[in-house]
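Trainee: Supplied in structure tokens, the structure appears directly below.
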Amino acid sequence: MRTIYKKVLLLFILPVFAFTMVHKYYISVTNVTYSKKDQALQIISRVFVDDMELLLKERYGLQANLATDKESDMADMYLEKYFNLKFGVTVNGKKTSSKFLGKKYEDDLMLCYIEIPNVNNKELQSIEIQNEVLIDLYEEQQNIVHVKINSNKKTVILTRENNKGMLNF
């Protein structure tokens with residue numbers, strides 16, 4: 001009788017614990033879109049605020065207090081520095097330079113705005129994306145990159161082992 005009681009108890013309690021355990025996902029989503037009007041690649045990278053907060057503290061020793069009234073004045077400078085090191089775009093085999101335009105917050109996400117100016121749509125044949133954002137902090141990090149050039153849409157998932165993706169148009 002006790003064995004049956006234990007089995008019934010496990011049957012009901014085990015699922016409760018299984019669903020209450022929190023599993024943290026390490027992911028970012030980046031959208032790259034070509035703007036004909038601006039002749040530029042416009043990039044929005046979405047990362048979790050708490051992940052970026054920890055990264056800035058670990059890498060630069062900055063207590064950034066992101067998305068709070070006490071946000072550090074140095075936060076944007078370090079974010080720009082970090083994205084310049086960890087996110088790169090090569091167009092038609094030529095390394096590009098990007099401009100970090102700023103950031104905004106949506107709930108627990110930080111949206112970082114980046115632009116690559118002077119991109120000629122007619123000559124655009126290939127884009128290589130290197131995205132190592134947060135990979136130095138989280139081994140399991142996955143960076144999903146969606147690229148839309150005119151009506152062509154392509155997606156690549158980048159990881160620590162595979163941090164570059166080549167897209168041909």
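In the structure tokens, chains take the letters A, B, ... in the order shown, each chain's residues start at 1, and ligands count up from 1 in the order shown.
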Could you give me, as CSV, a per-residue list for stretch 84-106 of chain A showing, wherever an atom lies at most 6 Å from an atom of stretch 116-138 of chain A, the closest pair of atoms and their distance in Å to one decimal, using only C-alpha atoms and sorting by chain then residue number from low to high?
Mentor:
```
residue,atom,partner,partner_atom,distance
A:Lys86,CA,A:Glu132,CA,4.9
A:Phe87,CA,A:Asn131,CA,4.6
A:Gly88,CA,A:Gln130,CA,5.1
A:Val89,CA,A:Ile129,CA,4.8
A:Thr90,CA,A:Glu128,CA,5.0
A:Val91,CA,A:Ile127,CA,4.7
A:Asn92,CA,A:Ser126,CA,5.0
A:Ser98,CA,A:Ile116,CA,4.6
```
Trainee: Restricting it to N, CA and C atoms, dump the selection as a short mmCIF file (atom, residue, chain, number, x, y, z; two decimals), in the first residue's frame.
Mentor:
```cif
data_model
loop_
_atom_site.label_atom_id
_atom_site.label_comp_id
_atom_site.auth_asym_id
_atom_site.auth_seq_id
_atom_site.Cartn_x
_atom_site.Cartn_y
_atom_site.Cartn_z
N LYS A 86 31.83 42.88 -31.89
CA LYS A 86 31.17 41.58 -31.98
C LYS A 86 30.17 41.41 -33.11
N PHE A 87 29.86 42.49 -33.80
CA PHE A 87 28.90 42.41 -34.90
C PHE A 87 29.50 43.07 -36.13
N GLY A 88 29.60 42.31 -37.21
CA GLY A 88 30.19 42.87 -38.43
C GLY A 88 29.45 42.41 -39.67
N VAL A 89 29.48 43.26 -40.69
CA VAL A 89 28.83 42.96 -41.95
C VAL A 89 29.83 43.21 -43.07
N THR A 90 29.90 42.24 -43.97
CA THR A 90 30.72 42.36 -45.16
C THR A 90 29.78 42.33 -46.36
N VAL A 91 29.88 43.32 -47.24
CA VAL A 91 29.02 43.40 -48.42
C VAL A 91 29.88 43.18 -49.65
N ASN A 92 29.53 42.19 -50.44
CA ASN A 92 30.27 41.84 -51.67
C ASN A 92 31.76 41.66 -51.38
N SER A 98 29.99 50.48 -39.52
CA SER A 98 28.62 50.71 -39.09
C SER A 98 28.57 51.87 -38.11
#
```
Trainee: Let's see if you can do this: from backbone DSSP, list all strand (DSSP E or B) residues in stretch 26-152 of chain A, as a count of residues only.
Mentor: 56
Trainee: Looking only at the backbone, which of the residues in stretch 6-126 of chain A does DSSP tag as helix (DSSP H, G or I), as a PyMOL selection string?
Mentor: chain A and resi 6-20+49-60+75-86+121-123
Trainee: If you keep C-alpha atoms, can you produce a file of those selected residues as an mmCIF file, in the first residue's frame?
Mentor:
```cif
data_model
loop_
_atom_site.group_PDB
_atom_site.id
_atom_site.type_symbol
_atom_site.label_atom_id
_atom_site.label_comp_id
_atom_site.auth_asym_id
_atom_site.auth_seq_id
_atom_site.Cartn_x
_atom_site.Cartn_y
_atom_site.Cartn_z
ATOM 1 C CA LYS A 6 4.537 6.862 -3.183
ATOM 2 C CA LYS A 7 3.946 6.243 -6.888
ATOM 3 C CA VAL A 8 0.749 8.286 -6.894
ATOM 4 C CA LEU A 9 2.488 11.068 -4.993
ATOM 5 C CA LEU A 10 5.383 11.101 -7.483
ATOM 6 C CA LEU A 11 2.952 11.024 -10.374
ATOM 7 C CA PHE A 12 1.318 14.265 -9.178
ATOM 8 C CA ILE A 13 4.277 16.111 -7.673
ATOM 9 C CA LEU A 14 6.929 15.463 -10.334
ATOM 10 C CA PRO A 15 5.051 17.329 -13.097
ATOM 11 C CA VAL A 16 4.534 20.307 -10.784
ATOM 12 C CA PHE A 17 8.284 20.614 -10.215
ATOM 13 C CA ALA A 18 9.063 20.051 -13.874
ATOM 14 C CA PHE A 19 6.952 23.026 -14.941
ATOM 15 C CA THR A 20 8.086 25.351 -12.176
ATOM 16 C CA VAL A 49 18.404 43.634 -20.959
ATOM 17 C CA ASP A 50 19.611 41.433 -18.082
ATOM 18 C CA ASP A 51 22.036 39.580 -20.357
ATOM 19 C CA MET A 52 23.532 42.823 -21.669
ATOM 20 C CA GLU A 53 23.661 44.238 -18.143
ATOM 21 C CA LEU A 54 25.708 41.251 -16.989
ATOM 22 C CA LEU A 55 27.937 41.425 -20.060
ATOM 23 C CA LEU A 56 28.777 45.108 -19.504
ATOM 24 C CA LYS A 57 29.642 44.374 -15.888
ATOM 25 C CA GLU A 58 31.763 41.288 -16.678
ATOM 26 C CA ARG A 59 33.567 42.704 -19.720
ATOM 27 C CA TYR A 60 33.990 46.373 -18.839
ATOM 28 C CA ALA A 75 26.218 52.721 -21.296
ATOM 29 C CA ASP A 76 25.806 53.826 -24.927
ATOM 30 C CA MET A 77 29.546 54.256 -25.393
ATOM 31 C CA TYR A 78 30.252 50.733 -24.154
ATOM 32 C CA LEU A 79 27.359 49.262 -26.128
ATOM 33 C CA GLU A 80 28.702 50.866 -29.302
ATOM 34 C CA LYS A 81 32.209 49.611 -28.524
ATOM 35 C CA TYR A 82 30.912 46.093 -27.873
ATOM 36 C CA PHE A 83 28.749 45.924 -31.010
ATOM 37 C CA ASN A 84 31.644 47.214 -33.136
ATOM 38 C CA LEU A 85 33.770 44.328 -31.816
ATOM 39 C CA LYS A 86 31.168 41.578 -31.975
ATOM 40 C CA ASN A 121 21.277 48.041 -53.929
ATOM 41 C CA LYS A 122 22.087 47.338 -57.590
ATOM 42 C CA GLU A 123 25.540 46.031 -56.724
#
```
Trainee: Env of stretch 140-142 of chain A: 7 Å cut, atoms = only C-alpha atoms, seq-sep filter 2 positions within chain, self excluded. Answer as a VMD selection string.
Mentor: chain A and resid 26 to 28 134 to 135 138 144 157 to 159
Trainee: Okay, now the selection with N, CA and C atoms, as an mmCIF file, in the first residue's frame?
Mentor:
```
data_model
loop_
_atom_site.group_PDB
_atom_site.id
_atom_site.type_symbol
_atom_site.label_atom_id
_atom_site.label_comp_id
_atom_site.auth_asym_id
_atom_site.auth_seq_id
_atom_site.Cartn_x
_atom_site.Cartn_y
_atom_site.Cartn_z
ATOM 1 N N TYR A 26 19.198 31.613 -24.189
ATOM 2 C CA TYR A 26 20.191 32.617 -24.563
ATOM 3 C C TYR A 26 20.066 32.834 -26.063
ATOM 4 N N ILE A 27 19.359 33.888 -26.418
ATOM 5 C CA ILE A 27 19.046 34.120 -27.827
ATOM 6 C C ILE A 27 18.957 35.621 -28.092
ATOM 7 N N SER A 28 19.339 36.004 -29.279
ATOM 8 C CA SER A 28 19.092 37.363 -29.760
ATOM 9 C C SER A 28 18.491 37.245 -31.149
ATOM 10 N N LEU A 134 27.047 38.445 -27.179
ATOM 11 C CA LEU A 134 26.774 37.644 -25.977
ATOM 12 C C LEU A 134 27.375 36.238 -26.009
ATOM 13 N N ILE A 135 28.012 35.855 -27.092
ATOM 14 C CA ILE A 135 28.611 34.514 -27.170
ATOM 15 C C ILE A 135 29.782 34.384 -26.203
ATOM 16 N N TYR A 138 27.792 33.674 -22.821
ATOM 17 C CA TYR A 138 26.963 32.461 -22.768
ATOM 18 C C TYR A 138 27.355 31.495 -23.875
ATOM 19 N N ILE A 144 19.976 34.775 -33.963
ATOM 20 C CA ILE A 144 19.183 34.598 -35.182
ATOM 21 C C ILE A 144 19.234 35.909 -35.956
ATOM 22 N N ILE A 157 21.178 31.227 -38.388
ATOM 23 C CA ILE A 157 21.333 31.101 -36.939
ATOM 24 C C ILE A 157 22.819 30.941 -36.653
ATOM 25 N N LEU A 158 23.354 31.848 -35.837
ATOM 26 C CA LEU A 158 24.781 31.863 -35.551
ATOM 27 C C LEU A 158 25.027 31.467 -34.099
ATOM 28 N N THR A 159 26.088 30.678 -33.899
ATOM 29 C CA THR A 159 26.452 30.184 -32.578
ATOM 30 C C THR A 159 27.940 30.404 -32.351
#
```
Trainee: Kindly indicate which residue among A:Leu66, A:Leu111, A:Ile149, A:Met74 lies nearest to A:Gln39, using only C-alpha atoms for the distances.
Mentor: A:Ile149
Trainee: Find the distance between atom CA of A:Thr30 and atom CA of A:Ile44 and write it in Å to one decimal.
Mentor: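 Atom-to-atom, atom CA of A:Thr30 and atom CA of A:Ile44 are spaced 5.6 Å apart.
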Trainee: Between atom CA of A:Glu106 and atom CA of A:Thr155, measure the distance and give it in Å to one decimal.
Mentor: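 Answer for the atom CA of A:Glu106 to atom CA of A:Thr155 separation: 23.0 Å.
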